[in-house]
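Q: Compact mmCIF, C-alpha atoms, file protein00.txt:
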# COMPACT_ATOMS: atom_id res chain seq x y z
CA PRO A 2 89.58 118.66 113.59
CA GLU A 3 86.98 116.14 114.67
CA PRO A 4 86.54 113.44 111.98
CA PRO A 5 83.27 113.93 110.04
CA GLU A 6 82.42 110.18 110.22
CA GLY A 7 81.33 110.12 106.59
CA GLY A 8 80.74 112.57 103.73
CA TRP A 9 83.68 112.54 101.31
CA GLY A 10 85.14 109.92 103.66
CA TRP A 11 83.02 107.23 101.97
CA VAL A 12 84.69 108.02 98.62
CA VAL A 13 88.08 107.88 100.32
CA MET A 14 87.11 104.54 101.85
CA LEU A 15 86.30 103.08 98.41
CA ALA A 16 89.61 104.37 97.00
CA ALA A 17 91.51 102.88 99.94
CA MET A 18 89.61 99.63 99.42
CA TRP A 19 90.78 99.50 95.79
CA CYS A 20 94.33 100.20 96.99
CA ASN A 21 94.28 97.24 99.39
CA GLY A 22 92.75 95.06 96.68
CA ALA A 23 95.20 95.97 93.94
CA VAL A 24 98.32 95.79 96.14
CA PHE A 25 97.63 92.71 98.23
CA GLY A 26 95.44 90.96 95.69
CA ILE A 27 98.50 90.76 93.41
CA GLN A 28 100.84 89.93 96.30
CA ASN A 29 98.59 87.20 97.74
CA SER A 30 98.12 85.63 94.30
CA CYS A 31 101.86 85.17 93.97
CA GLY A 32 101.43 81.39 94.32
CA VAL A 33 99.98 81.25 90.81
CA LEU A 34 102.72 83.51 89.44
CA PHE A 35 105.31 81.43 91.33
CA VAL A 36 104.29 78.20 89.60
CA SER A 37 104.32 79.97 86.22
CA MET A 38 107.80 81.40 86.89
CA LEU A 39 109.10 77.94 87.81
CA ARG A 40 107.85 76.62 84.49
CA LEU A 41 109.04 79.58 82.40
CA PHE A 42 112.49 80.26 83.88
CA GLY A 43 113.42 76.92 85.46
CA SER A 44 115.36 73.92 84.29
CA SER A 45 115.63 70.40 85.65
CA GLU A 46 119.37 70.89 86.22
CA ASP A 47 118.89 73.76 88.68
CA LYS A 48 118.88 72.21 92.18
CA GLN A 49 118.03 75.52 93.87
CA LEU A 50 115.23 76.50 91.52
CA VAL A 51 112.48 76.83 94.17
CA PHE A 52 114.77 78.79 96.49
CA LYS A 53 115.77 81.31 93.80
CA THR A 54 112.26 81.76 92.41
CA ALA A 55 110.75 82.23 95.87
CA TRP A 56 112.90 85.34 96.31
CA VAL A 57 110.86 87.23 93.68
CA SER A 58 107.55 87.11 95.54
CA SER A 59 109.17 87.16 98.96
CA LEU A 60 111.29 90.22 98.18
CA SER A 61 108.25 91.97 96.75
CA MET A 62 106.11 91.44 99.86
CA GLY A 63 109.03 92.30 102.13
CA MET A 64 109.77 95.57 100.33
CA VAL A 65 106.14 96.67 100.65
CA PHE A 66 106.68 96.71 104.41
CA PHE A 67 110.40 97.57 104.46
CA CYS A 68 109.78 100.95 102.81
CA SER A 69 107.02 101.84 105.29
CA PRO A 70 109.13 103.91 107.74
CA ILE A 71 110.32 106.04 104.80
CA VAL A 72 106.77 106.27 103.45
CA SER A 73 105.50 107.46 106.83
CA ILE A 74 108.04 110.31 106.81
CA PHE A 75 107.03 111.37 103.29
CA THR A 76 103.34 111.10 104.26
CA ASP A 77 103.88 113.42 107.23
CA LEU A 78 105.87 115.85 105.08
CA PHE A 79 103.84 115.99 101.87
CA GLY A 80 100.45 114.50 102.75
CA CYS A 81 98.63 111.32 101.77
CA ARG A 82 97.51 112.38 98.30
CA LYS A 83 100.90 113.20 96.76
CA VAL A 84 102.60 110.14 98.23
CA ALA A 85 99.84 107.75 97.11
CA VAL A 86 99.71 109.09 93.55
CA ILE A 87 103.49 108.99 93.03
CA GLY A 88 103.66 105.52 94.61
CA ALA A 89 101.02 104.12 92.24
CA ALA A 90 102.90 105.59 89.26
CA VAL A 91 106.18 103.95 90.37
CA GLY A 92 104.39 100.62 90.93
CA LEU A 93 102.91 100.82 87.44
CA VAL A 94 106.37 101.36 85.93
CA GLY A 95 107.84 98.44 87.92
CA LEU A 96 105.07 96.01 86.94
CA LEU A 97 105.20 97.03 83.28
CA SER A 98 108.99 96.66 83.11
CA SER A 99 108.68 93.18 84.69
CA SER A 100 106.80 92.05 81.60
CA PHE A 101 109.87 92.54 79.38
CA VAL A 102 112.48 90.41 81.22
CA SER A 103 113.84 87.14 79.86
CA THR A 104 115.45 85.64 83.00
CA ILE A 105 114.55 85.41 86.69
CA GLU A 106 117.30 87.74 87.99
CA PRO A 107 115.94 91.08 86.61
CA LEU A 108 112.62 90.34 88.33
CA TYR A 109 114.37 90.77 91.68
CA PHE A 110 114.72 94.45 90.79
CA THR A 111 111.69 95.25 88.60
CA TYR A 112 109.07 93.21 90.48
CA GLY A 113 110.75 92.70 93.86
CA ILE A 114 111.95 96.27 94.40
CA VAL A 115 110.49 98.87 91.99
CA PHE A 116 106.94 97.48 91.86
CA ALA A 117 106.94 96.71 95.59
CA CYS A 118 108.28 100.15 96.59
CA GLY A 119 105.55 101.77 94.52
CA CYS A 120 102.95 99.59 96.22
CA SER A 121 104.33 100.60 99.61
CA PHE A 122 104.08 104.31 98.84
CA ALA A 123 100.53 103.81 97.58
CA TYR A 124 99.40 101.54 100.42
CA GLN A 125 100.34 103.26 103.68
CA PRO A 126 98.60 106.59 102.95
CA SER A 127 95.39 104.57 102.50
CA LEU A 128 95.62 103.58 106.18
CA VAL A 129 96.49 107.04 107.48
CA ILE A 130 93.85 108.97 105.51
CA LEU A 131 91.03 106.93 107.06
CA GLY A 132 91.82 108.41 110.48
CA HIS A 133 91.15 111.87 109.03
CA TYR A 134 87.55 110.98 108.24
CA PHE A 135 86.56 108.35 110.82
CA LYS A 136 87.00 107.73 114.54
CA LYS A 137 83.93 106.01 115.98
CA ARG A 138 83.56 103.82 112.89
CA LEU A 139 87.28 103.35 112.28
CA GLY A 140 87.24 99.62 113.07
CA LEU A 141 84.35 98.96 110.68
CA VAL A 142 85.84 101.15 107.94
CA ASN A 143 89.22 99.44 108.27
CA GLY A 144 87.45 96.10 108.00
CA ILE A 145 85.72 97.17 104.78
CA VAL A 146 88.91 98.65 103.32
CA THR A 147 91.08 95.63 104.09
CA ALA A 148 88.34 93.36 102.74
CA GLY A 149 89.28 94.80 99.34
CA SER A 150 92.36 92.60 99.27
CA SER A 151 90.16 89.58 100.01
CA LEU A 152 87.87 90.34 97.07
CA PHE A 153 90.87 90.53 94.75
CA THR A 154 92.50 87.47 96.33
CA VAL A 155 89.30 85.52 95.62
CA SER A 156 89.04 86.52 91.97
CA LEU A 157 92.61 87.13 90.79
CA PRO A 158 93.95 83.52 90.99
CA PHE A 159 91.32 82.29 88.53
CA LEU A 160 91.82 85.31 86.27
CA LEU A 161 95.59 84.85 86.38
CA ARG A 162 95.30 81.16 85.57
CA VAL A 163 93.12 81.90 82.52
CA LEU A 164 95.39 84.73 81.38
CA ILE A 165 98.63 82.77 81.84
CA ASP A 166 97.23 79.79 79.92
CA SER A 167 95.90 82.08 77.17
CA VAL A 168 98.42 84.88 76.71
CA ASP A 169 101.50 83.78 78.78
CA LEU A 170 103.04 85.35 81.90
CA TYR A 171 104.38 88.49 80.23
CA ASN A 172 101.03 89.68 78.87
CA THR A 173 99.37 88.75 82.16
CA LEU A 174 101.65 91.22 83.96
CA ARG A 175 100.65 93.88 81.42
CA VAL A 176 96.97 93.25 82.14
CA LEU A 177 97.67 93.70 85.85
CA CYS A 178 99.03 97.16 85.04
CA VAL A 179 95.39 98.24 84.57
CA LEU A 180 94.83 97.72 88.32
CA MET A 181 97.79 99.97 89.09
CA PHE A 182 96.54 102.68 86.72
CA VAL A 183 93.16 102.77 88.48
CA LEU A 184 95.07 102.93 91.78
CA PHE A 185 96.95 105.96 90.42
CA LEU A 186 93.60 107.71 89.80
CA ALA A 187 92.21 106.64 93.20
CA GLY A 188 95.06 108.41 95.00
CA PHE A 189 93.70 111.80 93.91
CA THR A 190 90.64 111.30 96.16
CA TYR A 191 92.73 111.48 99.36
CA LYS A 192 91.66 115.01 100.25
CA PRO A 193 93.55 115.92 103.46
CA LEU A 194 91.68 117.29 106.47
CA VAL A 195 94.82 117.65 108.60
CA PRO A 196 97.72 119.78 107.30
CA ASN A 197 100.99 117.96 106.78
CA THR A 198 104.12 118.79 108.77
CA LYS A 199 105.71 120.82 106.00
CA ASP A 200 102.61 123.03 105.65
CA LYS A 201 102.48 123.57 109.42
CA GLU A 202 106.09 124.75 109.55
CA GLY A 203 105.78 127.13 106.59
CA GLY A 204 102.16 128.20 107.07
CA LYS A 205 102.81 131.28 109.20
CA LYS A 206 105.35 132.82 106.82
CA GLY A 207 103.53 131.66 103.72
CA LYS A 208 106.58 129.71 102.61
CA SER A 209 107.27 126.02 102.15
CA LYS A 210 109.73 125.02 104.85
CA PHE A 211 111.11 121.67 105.97
CA PRO A 212 110.63 120.88 109.66
CA PRO A 213 113.47 119.91 112.01
CA ALA A 214 114.92 116.39 111.75
CA LYS A 215 113.35 115.40 115.09
CA LYS A 216 109.90 116.01 113.64
CA ILE A 217 110.70 114.17 110.42
CA CYS A 218 111.87 110.98 112.18
CA ASN A 219 109.60 110.61 115.17
CA PHE A 220 111.35 107.89 117.18
CA SER A 221 109.47 109.01 120.30
CA VAL A 222 106.84 106.34 119.60
CA PHE A 223 109.36 103.77 120.85
CA LYS A 224 109.26 105.47 124.26
CA VAL A 225 105.75 104.03 124.64
CA PRO A 226 106.32 100.61 126.34
CA SER A 227 103.18 98.97 124.97
CA TYR A 228 104.05 100.06 121.42
CA ARG A 229 107.59 98.71 121.83
CA ILE A 230 106.26 95.26 122.74
CA TRP A 231 103.79 95.39 119.84
CA ALA A 232 106.43 96.56 117.34
CA PHE A 233 108.71 93.61 118.14
CA GLY A 234 106.05 90.99 118.98
CA ILE A 235 104.29 91.27 115.61
CA PRO A 236 107.48 90.68 113.54
CA ALA A 237 108.40 87.75 115.79
CA ALA A 238 105.09 86.15 114.81
CA LEU A 239 105.52 86.67 111.07
CA PHE A 240 108.52 84.52 110.13
CA GLY A 241 106.17 81.86 108.81
CA TYR A 242 103.18 84.03 107.92
CA PHE A 243 103.81 84.43 104.18
CA VAL A 244 105.05 80.85 103.58
CA PRO A 245 101.59 79.36 102.73
CA TYR A 246 100.83 82.16 100.25
CA VAL A 247 104.02 81.48 98.27
CA HIS A 248 104.41 77.71 98.55
CA LEU A 249 100.92 76.27 99.06
CA MET A 250 100.22 75.95 95.32
CA ASN A 251 103.45 74.07 94.71
CA HIS A 252 102.87 71.89 97.79
CA VAL A 253 99.48 70.86 96.39
CA LYS A 254 101.12 69.92 93.08
CA ASP A 255 103.70 67.83 94.93
CA ARG A 256 101.08 66.11 97.11
CA PHE A 257 98.09 65.70 94.76
CA GLY A 258 99.49 66.31 91.26
CA ASP A 259 97.33 68.08 88.68
CA SER A 260 94.15 66.24 89.69
CA VAL A 261 92.89 69.04 92.01
CA PRO A 262 92.19 72.75 91.36
CA GLU A 263 94.78 74.34 93.65
CA GLU A 264 93.39 77.86 92.99
CA VAL A 265 90.40 76.88 95.16
CA LEU A 266 92.66 77.17 98.20
CA LEU A 267 93.41 80.83 97.50
CA LEU A 268 89.69 81.30 96.91
CA CYS A 269 89.00 79.90 100.40
CA LEU A 270 91.70 82.06 101.95
CA GLY A 271 90.31 85.15 100.25
CA ILE A 272 86.64 84.58 101.09
CA THR A 273 87.08 83.86 104.78
CA SER A 274 89.75 86.58 105.10
CA GLY A 275 87.20 89.08 103.80
CA VAL A 276 84.58 87.78 106.23
CA GLY A 277 87.10 87.97 109.07
CA ARG A 278 88.00 91.58 108.27
CA LEU A 279 84.38 92.70 108.22
CA VAL A 280 83.33 90.77 111.32
CA PHE A 281 86.37 91.35 113.51
CA GLY A 282 86.70 94.96 112.34
CA ARG A 283 83.22 95.61 113.73
CA VAL A 284 83.89 93.55 116.87
CA ALA A 285 87.02 95.64 117.55
CA ASP A 286 84.86 98.78 117.80
CA TYR A 287 83.18 97.28 120.88
CA ILE A 288 86.40 96.16 122.62
CA PRO A 289 87.81 98.97 124.76
CA GLY A 290 91.37 100.28 124.49
CA ALA A 291 94.36 98.00 124.12
CA LYS A 292 92.29 94.89 124.84
CA LYS A 293 91.78 94.76 121.07
CA ILE A 294 95.20 93.09 121.07
CA TYR A 295 93.65 89.85 122.33
CA LEU A 296 92.01 89.46 118.90
CA GLN A 297 95.47 89.44 117.34
CA VAL A 298 96.69 86.95 119.95
CA ALA A 299 93.86 84.58 119.01
CA SER A 300 94.50 85.08 115.30
CA PHE A 301 98.21 84.21 115.61
CA PHE A 302 97.40 81.11 117.63
CA PHE A 303 95.07 79.77 114.93
CA ILE A 304 97.31 80.83 112.01
CA GLY A 305 100.23 78.92 113.57
CA LEU A 306 98.08 75.89 114.30
CA MET A 307 96.61 75.80 110.77
CA SER A 308 100.07 76.11 109.19
CA MET A 309 101.24 73.07 111.15
CA MET A 310 98.18 71.12 109.98
CA ILE A 311 98.86 71.66 106.25
CA PRO A 312 101.33 68.71 105.97
CA LEU A 313 98.89 66.46 107.86
CA CYS A 314 96.17 66.90 105.24
CA ASN A 315 96.23 63.85 102.97
CA VAL A 316 92.79 64.67 101.57
CA PHE A 317 92.19 67.83 99.52
CA GLY A 318 88.96 68.57 101.42
CA ALA A 319 90.90 68.75 104.69
CA LEU A 320 93.27 71.27 103.13
CA VAL A 321 90.27 73.36 102.08
CA ALA A 322 89.01 73.39 105.69
CA VAL A 323 92.44 74.46 106.96
CA CYS A 324 92.57 77.34 104.47
CA LEU A 325 89.08 78.49 105.48
CA PHE A 326 90.15 78.83 109.13
CA MET A 327 93.51 80.35 108.24
CA GLY A 328 91.86 83.01 106.08
CA LEU A 329 89.34 83.91 108.78
CA PHE A 330 92.00 84.68 111.38
CA ASP A 331 94.31 86.27 108.81
CA GLY A 332 91.52 88.80 108.26
CA CYS A 333 91.25 89.34 112.00
CA PHE A 334 94.98 90.09 112.31
CA ILE A 335 95.06 92.52 109.38
CA CYS A 336 91.94 94.61 109.97
CA ILE A 337 92.75 95.79 113.51
CA MET A 338 96.33 96.93 112.87
CA ALA A 339 95.41 100.61 112.45
CA PRO A 340 92.87 100.75 115.35
CA ILE A 341 95.46 99.24 117.72
CA ALA A 342 98.09 101.75 116.56
CA PHE A 343 95.66 104.61 117.28
CA GLU A 344 95.04 103.19 120.77
CA LEU A 345 98.72 102.76 121.65
CA VAL A 346 100.26 106.04 120.40
CA GLY A 347 97.35 108.35 119.56
CA ALA A 348 96.31 109.96 116.27
CA GLN A 349 99.21 112.43 116.16
CA ASP A 350 101.94 109.78 115.89
CA VAL A 351 100.00 107.00 114.17
CA SER A 352 101.52 107.47 110.70
CA GLN A 353 105.09 106.79 111.77
CA ALA A 354 103.98 104.20 114.34
CA ILE A 355 102.43 102.14 111.55
CA GLY A 356 105.43 102.84 109.32
CA PHE A 357 108.00 101.60 111.83
CA LEU A 358 105.91 98.50 112.55
CA LEU A 359 105.53 97.58 108.88
CA GLY A 360 109.25 98.18 108.36
CA LEU A 361 110.11 95.75 111.15
CA MET A 362 107.63 93.25 109.68
CA SER A 363 109.48 93.25 106.36
CA VAL A 364 112.48 91.23 107.55
CA PRO A 365 110.66 88.06 108.75
CA MET A 366 108.18 88.20 105.86
CA THR A 367 111.05 88.37 103.36
CA VAL A 368 113.28 85.59 104.72
CA GLY A 369 110.53 83.07 105.58
CA PRO A 370 109.50 81.87 102.08
CA PRO A 371 113.07 81.46 100.69
CA ILE A 372 114.02 79.40 103.77
CA ALA A 373 110.94 77.25 103.15
CA GLY A 374 112.01 76.90 99.50
CA LEU A 375 115.53 75.91 100.57
CA LEU A 376 114.10 73.21 102.87
CA ARG A 377 111.98 71.96 99.97
CA ASP A 378 115.04 71.77 97.69
CA LYS A 379 117.06 69.91 100.34
CA LEU A 380 114.40 67.55 101.74
CA GLY A 381 112.21 67.07 98.68
CA THR A 382 109.05 67.96 100.64
CA TYR A 383 107.41 70.99 102.26
CA ASP A 384 106.38 69.18 105.46
CA VAL A 385 109.18 70.47 107.70
CA ALA A 386 108.82 73.98 106.26
CA PHE A 387 105.13 74.19 107.18
CA TYR A 388 105.73 72.74 110.66
CA LEU A 389 108.40 75.34 111.35
CA ALA A 390 106.25 78.12 109.85
CA GLY A 391 103.64 77.48 112.55
CA VAL A 392 106.00 78.09 115.48
CA PRO A 393 106.67 81.88 115.22
CA PRO A 394 102.96 82.88 115.33
CA LEU A 395 102.56 80.98 118.61
CA ILE A 396 105.61 82.72 120.11
CA GLY A 397 104.56 86.15 118.85
CA GLY A 398 101.02 85.71 120.18
CA ALA A 399 102.39 84.88 123.63
CA ILE A 400 104.47 88.09 123.61
CA LEU A 401 101.45 90.22 122.66
CA CYS A 402 99.48 88.97 125.69
CA PHE A 403 101.44 91.38 127.92
CA ILE A 404 100.46 94.54 126.02
CA PRO A 405 97.06 95.33 127.64
CA TRP A 406 98.56 95.00 131.14
CA VAL A 407 101.55 97.21 130.26
CA HIS A 408 99.30 99.76 128.53
CA GLU A 409 97.00 100.07 131.56
CA ARG A 410 99.97 100.63 133.88
CA GLN A 411 101.25 103.26 131.48
CA LYS A 412 97.90 105.07 131.49
CA LEU A 413 97.74 105.02 135.29
CA LYS A 414 101.17 106.65 135.47
CA GLN A 415 100.10 109.34 133.02
CA ARG A 416 96.96 110.06 135.05
CA ALA A 417 99.00 110.33 138.23
CA LYS A 418 101.35 112.98 136.80
CA PRO A 419 98.71 115.69 136.20
CA VAL A 420 97.25 115.10 139.68
CA ASP A 421 100.65 115.62 141.27
CA GLY A 422 101.15 118.74 139.17
CA GLU A 423 97.82 120.21 140.22
CA THR A 424 98.55 119.49 143.88
CA THR A 425 101.93 121.21 143.64
CA GLU A 426 100.36 124.16 141.86
CA LYS A 427 97.73 124.53 144.58
CA MET A 428 100.38 124.36 147.30
CA LEU A 429 102.43 127.06 145.56
CA GLY A 430 99.28 129.16 145.17
CA ASN A 431 98.46 128.88 148.87
CA GLU A 432 102.04 129.75 149.76
CA SER A 433 101.99 132.87 147.61
CA THR A 434 98.68 133.92 149.23
CA LEU A 435 100.22 133.57 152.69
CA VAL A 436 103.21 135.64 151.62
CA SER A 437 100.98 138.41 150.31
CA ASP A 438 98.99 138.32 153.54
CA ALA A 439 102.19 138.56 155.53
CA ALA A 440 103.20 141.61 153.54
CA GLY A 441 99.88 143.42 154.12
CA LYS A 442 98.98 142.48 157.69
CA PRO A 443 100.61 142.76 161.13
CA VAL A 444 102.76 139.82 162.10
CA LYS A 445 100.63 139.09 165.17
CA GLU A 446 97.51 138.74 163.09
CA LEU A 447 99.40 136.45 160.70
CA ASP A 448 100.66 134.36 163.58
CA SER A 449 97.17 134.06 165.06
CA GLY A 450 96.02 132.71 161.72
CA PHE A 451 98.26 129.68 162.19
Would you mind writing the structure in this file as structure tokens?

A:
Amino acid sequence: PEPPEGGWGWVVMLAAMWCNGAVFGIQNSCGVLFVSMLRLFGSSEDKQLVFKTAWVSSLSMGMVFFCSPIVSIFTDLFGCRKVAVIGAAVGLVGLLSSSFVSTIEPLYFTYGIVFACGCSFAYQPSLVILGHYFKKRLGLVNGIVTAGSSLFTVSLPFLLRVLIDSVDLYNTLRVLCVLMFVLFLAGFTYKPLVPNTKDKEGGKKGKSKFPPAKKICNFSVFKVPSYRIWAFGIPAALFGYFVPYVHLMNHVKDRFGDSVPEEVLLLCLGITSGVGRLVFGRVADYIPGAKKIYLQVASFFFIGLMSMMIPLCNVFGALVAVCLFMGLFDGCFICIMAPIAFELVGAQDVSQAIGFLLGLMSVPMTVGPPIAGLLRDKLGTYDVAFYLAGVPPLIGGAILCFIPWVHERQKLKQRAKPVDGETTEKMLGNESTLVSDAAGKPVKELDSGF
């Protein structure tokens, strides 16, 4: 059905906005939790302390994306509402159980896997359901929804700092469970307008029936050349993407000590990321087709450049300026993910297209921060880590530049096929007419017609 462009869709948009805020607000505030974990679980004798602690936040963010291909299959089978509600419940259990551990190792499972898997199952349906309700305004709506994570990223670091100082890390994690409980309730608003695959298969007989395996795992999206480039170009750009979110707070402590409020940097990232999502989400609505990809190319260029500038900032004000620019283009990259997916593969395959992409993104986003932590443990400084983190976005952006050209060639080929088919059909029609004429008229008259 044609999207209604509003109505109940506005309620769904607010629920999806809360989802983005709760999931990525917590994930993006991991720098504050990271410093607290170092203090709570670390010892001066542990020479790989930063490396081991970085795995908690890194594994958590990576699992959010790693589960996405599986989530997309469940979303197609059972619909957005059921998947989102169950995911929020699992995330709540994982976060609550993380507040009862006494060493760093159990957090790999409770926070890095259980909580993150729940977040993944809650998050992806929030992207898919928007396409049920919006088409013309999809870029703007995605900008508003993804701005939710910016609002939480702005406020949560200060709240977390107050809570950790007042009631310790364990009780802080319990307070965060409130966000997940509200997310559990928000999932019930995802009223489907398009039947899921399981309902389609069993609808005629009135029974619930599982579809064939080919429909469950829709690998046909990789037959689209432009999507293939996008699905491998984006992960190539993200090896250093999550490094500043995990290590920036600790880098500031190393460089400036306790004399500066390091939470201000996350505030800057969050504010300008929200502005970027709203502005570039609306701008994307006016950019035709796959040319939207050039916004992501520009965003990766600036993200890589800003990451390389972090070690060069010897004044805290300069670091603030860098974070403002980085947040702006981070928002640009995030908000147009879904609109680009719709452009490249169409609405029918968008759920699994986004799922496969996010799954491929999980690997570089997971390994980047621990490698940066290992470099910090070995070299005693984050400088080399931030320089190296800026290289992959530049490479990935260069790869993405080819997508609009490939996509246009692909569309031209698709347009040519129907024309050829129509021409062949007309020729066959004319031939059959001539045969019928030959059967009903004298041969001489038929010959004179030629």

Q: Do you know which residues are at most 8 Å from Phe326 of chain A counting only C-alpha atoms, after dropping those on the same chain fewer than 5 positions away, and could you put them as a PyMOL selection string?

A: chain A and resi 273+303-304+307

Q: Which polymer residues have any atom within 12 Å of an atom of Gly8 of chain A, counting all atoms listed in the file, with same-chain residues fewer than 2 positions away left out, as a list in words?

A: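 Everything that qualifies: Pro4, Pro5, Glu6, Gly10, Trp11, Val12, Val13, Met14, His133, Tyr134, Phe135 and Lys192 of chain A.
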
Q: Segment 336-341 of chain A: which residues within 10 Å, counting only C-alpha atoms, same-chain residues fewer than 3 positions away excluded, as a PDB file with C-alpha atoms, in the coordinates of the input?

A:
ATOM      1  CA  LEU A 128      95.620 103.580 106.180  1.00  0.00           C
ATOM      2  CA  VAL A 129      96.490 107.040 107.480  1.00  0.00           C
ATOM      3  CA  LEU A 131      91.030 106.930 107.060  1.00  0.00           C
ATOM      4  CA  GLY A 132      91.820 108.410 110.480  1.00  0.00           C
ATOM      5  CA  LYS A 136      87.000 107.730 114.540  1.00  0.00           C
ATOM      6  CA  LEU A 139      87.280 103.350 112.280  1.00  0.00           C
ATOM      7  CA  GLY A 140      87.240  99.620 113.070  1.00  0.00           C
ATOM      8  CA  LEU A 141      84.350  98.960 110.680  1.00  0.00           C
ATOM      9  CA  VAL A 142      85.840 101.150 107.940  1.00  0.00           C
ATOM     10  CA  ASN A 143      89.220  99.440 108.270  1.00  0.00           C
ATOM     11  CA  GLY A 144      87.450  96.100 108.000  1.00  0.00           C
ATOM     12  CA  ILE A 145      85.720  97.170 104.780  1.00  0.00           C
ATOM     13  CA  VAL A 146      88.910  98.650 103.320  1.00  0.00           C
ATOM     14  CA  THR A 147      91.080  95.630 104.090  1.00  0.00           C
ATOM     15  CA  ALA A 148      88.340  93.360 102.740  1.00  0.00           C
ATOM     16  CA  TYR A 228     104.050 100.060 121.420  1.00  0.00           C
ATOM     17  CA  TRP A 231     103.790  95.390 119.840  1.00  0.00           C
ATOM     18  CA  SER A 274      89.750  86.580 105.100  1.00  0.00           C
ATOM     19  CA  GLY A 275      87.200  89.080 103.800  1.00  0.00           C
ATOM     20  CA  GLY A 277      87.100  87.970 109.070  1.00  0.00           C
ATOM     21  CA  ARG A 278      88.000  91.580 108.270  1.00  0.00           C
ATOM     22  CA  LEU A 279      84.380  92.700 108.220  1.00  0.00           C
ATOM     23  CA  VAL A 280      83.330  90.770 111.320  1.00  0.00           C
ATOM     24  CA  PHE A 281      86.370  91.350 113.510  1.00  0.00           C
ATOM     25  CA  GLY A 282      86.700  94.960 112.340  1.00  0.00           C
ATOM     26  CA  ARG A 283      83.220  95.610 113.730  1.00  0.00           C
ATOM     27  CA  VAL A 284      83.890  93.550 116.870  1.00  0.00           C
ATOM     28  CA  ALA A 285      87.020  95.640 117.550  1.00  0.00           C
ATOM     29  CA  ASP A 286      84.860  98.780 117.800  1.00  0.00           C
ATOM     30  CA  GLY A 290      91.370 100.280 124.490  1.00  0.00           C
ATOM     31  CA  ALA A 291      94.360  98.000 124.120  1.00  0.00           C
ATOM     32  CA  LYS A 292      92.290  94.890 124.840  1.00  0.00           C
ATOM     33  CA  LYS A 293      91.780  94.760 121.070  1.00  0.00           C
ATOM     34  CA  ILE A 294      95.200  93.090 121.070  1.00  0.00           C
ATOM     35  CA  LEU A 296      92.010  89.460 118.900  1.00  0.00           C
ATOM     36  CA  GLN A 297      95.470  89.440 117.340  1.00  0.00           C
ATOM     37  CA  ASP A 331      94.310  86.270 108.810  1.00  0.00           C
ATOM     38  CA  GLY A 332      91.520  88.800 108.260  1.00  0.00           C
ATOM     39  CA  CYS A 333      91.250  89.340 112.000  1.00  0.00           C
ATOM     40  CA  GLU A 344      95.040 103.190 120.770  1.00  0.00           C
ATOM     41  CA  LEU A 345      98.720 102.760 121.650  1.00  0.00           C
ATOM     42  CA  VAL A 346     100.260 106.040 120.400  1.00  0.00           C
ATOM     43  CA  GLY A 347      97.350 108.350 119.560  1.00  0.00           C
ATOM     44  CA  ALA A 348      96.310 109.960 116.270  1.00  0.00           C
ATOM     45  CA  VAL A 351     100.000 107.000 114.170  1.00  0.00           C
ATOM     46  CA  SER A 352     101.520 107.470 110.700  1.00  0.00           C
ATOM     47  CA  ALA A 354     103.980 104.200 114.340  1.00  0.00           C
ATOM     48  CA  ILE A 355     102.430 102.140 111.550  1.00  0.00           C
ATOM     49  CA  LEU A 358     105.910  98.500 112.550  1.00  0.00           C
TER      50      LEU A 358
END

Q: Around (106.3, 102.6, 93.9) in the file's own coordinates, what residues are found within 12 Å if you use only C-alpha atoms, given back as a PyMOL selection string?

A: chain A and resi 24+61+64-65+68-69+72+84-96+111-125+181+184-185

Q: So what do you get for atom CA of Met62 of chain A versus atom CA of Ser363 of chain A, distance-wise?

A: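 One can read the atom CA of Met62 of chain A to atom CA of Ser363 of chain A distance as 7.5 Å.
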
Q: Interatomic distance between atom CA of Val321 of chain A and atom CA of Arg40 of chain A?

A: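 Value for the atom CA of Val321 of chain A-atom CA of Arg40 of chain A distance: 25.1 Å.
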
Q: Near Ile230 of chain A, counting all atoms listed in the file, which residues have an atom at most 10 Å away, once you skip same-chain residues fewer than 4 positions from it, shown as a PyMOL selection string?

A: chain A and resi 223+225-226+234-235+400-404+407

Q: Which value, in Å to one decimal, gives the distance between atom CA of Ser103 of chain A and atom CA of Asn172 of chain A?

A: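 Atom-to-atom, atom CA of Ser103 of chain A to atom CA of Asn172 of chain A, that is 13.1 Å.
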
Q: I need the residue nearest Ser100 of chain A from this list: A:Ala386, A:Ile288, A:Val176, A:Val298. Use only C-alpha atoms for the distance.

A: A:Val176

Q: For Ser30 of chain A, which residue out of A:Lys53, A:Arg175, A:Lys224, A:His248 is the nearest one, using all atoms listed in the file?

A: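 That would be A:His248, the residue with the smallest distance to Ser30 of chain A.
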
Q: Go ahead and find all residues with at least one atom no further than 8 Å from (113.4, 86.6, 92.7) in the file's coordinates, using all atoms listed in the file; report them as a list in words.

A: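 Output: Lys53, Thr54, Ala55, Trp56, Val57, Ser58, Ser59, Leu60, Ile105, Glu106, Pro107, Leu108, Tyr109 and Gly113 of chain A.
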
Q: Those selected residues, please, written with C-alpha atoms and delivered as a compact mmCIF listing (two decimals), keeping the file's coordinate frame.

A:
# COMPACT_ATOMS: atom_id res chain seq x y z
CA LYS A 53 115.77 81.31 93.80
CA THR A 54 112.26 81.76 92.41
CA ALA A 55 110.75 82.23 95.87
CA TRP A 56 112.90 85.34 96.31
CA VAL A 57 110.86 87.23 93.68
CA SER A 58 107.55 87.11 95.54
CA SER A 59 109.17 87.16 98.96
CA LEU A 60 111.29 90.22 98.18
CA ILE A 105 114.55 85.41 86.69
CA GLU A 106 117.30 87.74 87.99
CA PRO A 107 115.94 91.08 86.61
CA LEU A 108 112.62 90.34 88.33
CA TYR A 109 114.37 90.77 91.68
CA GLY A 113 110.75 92.70 93.86
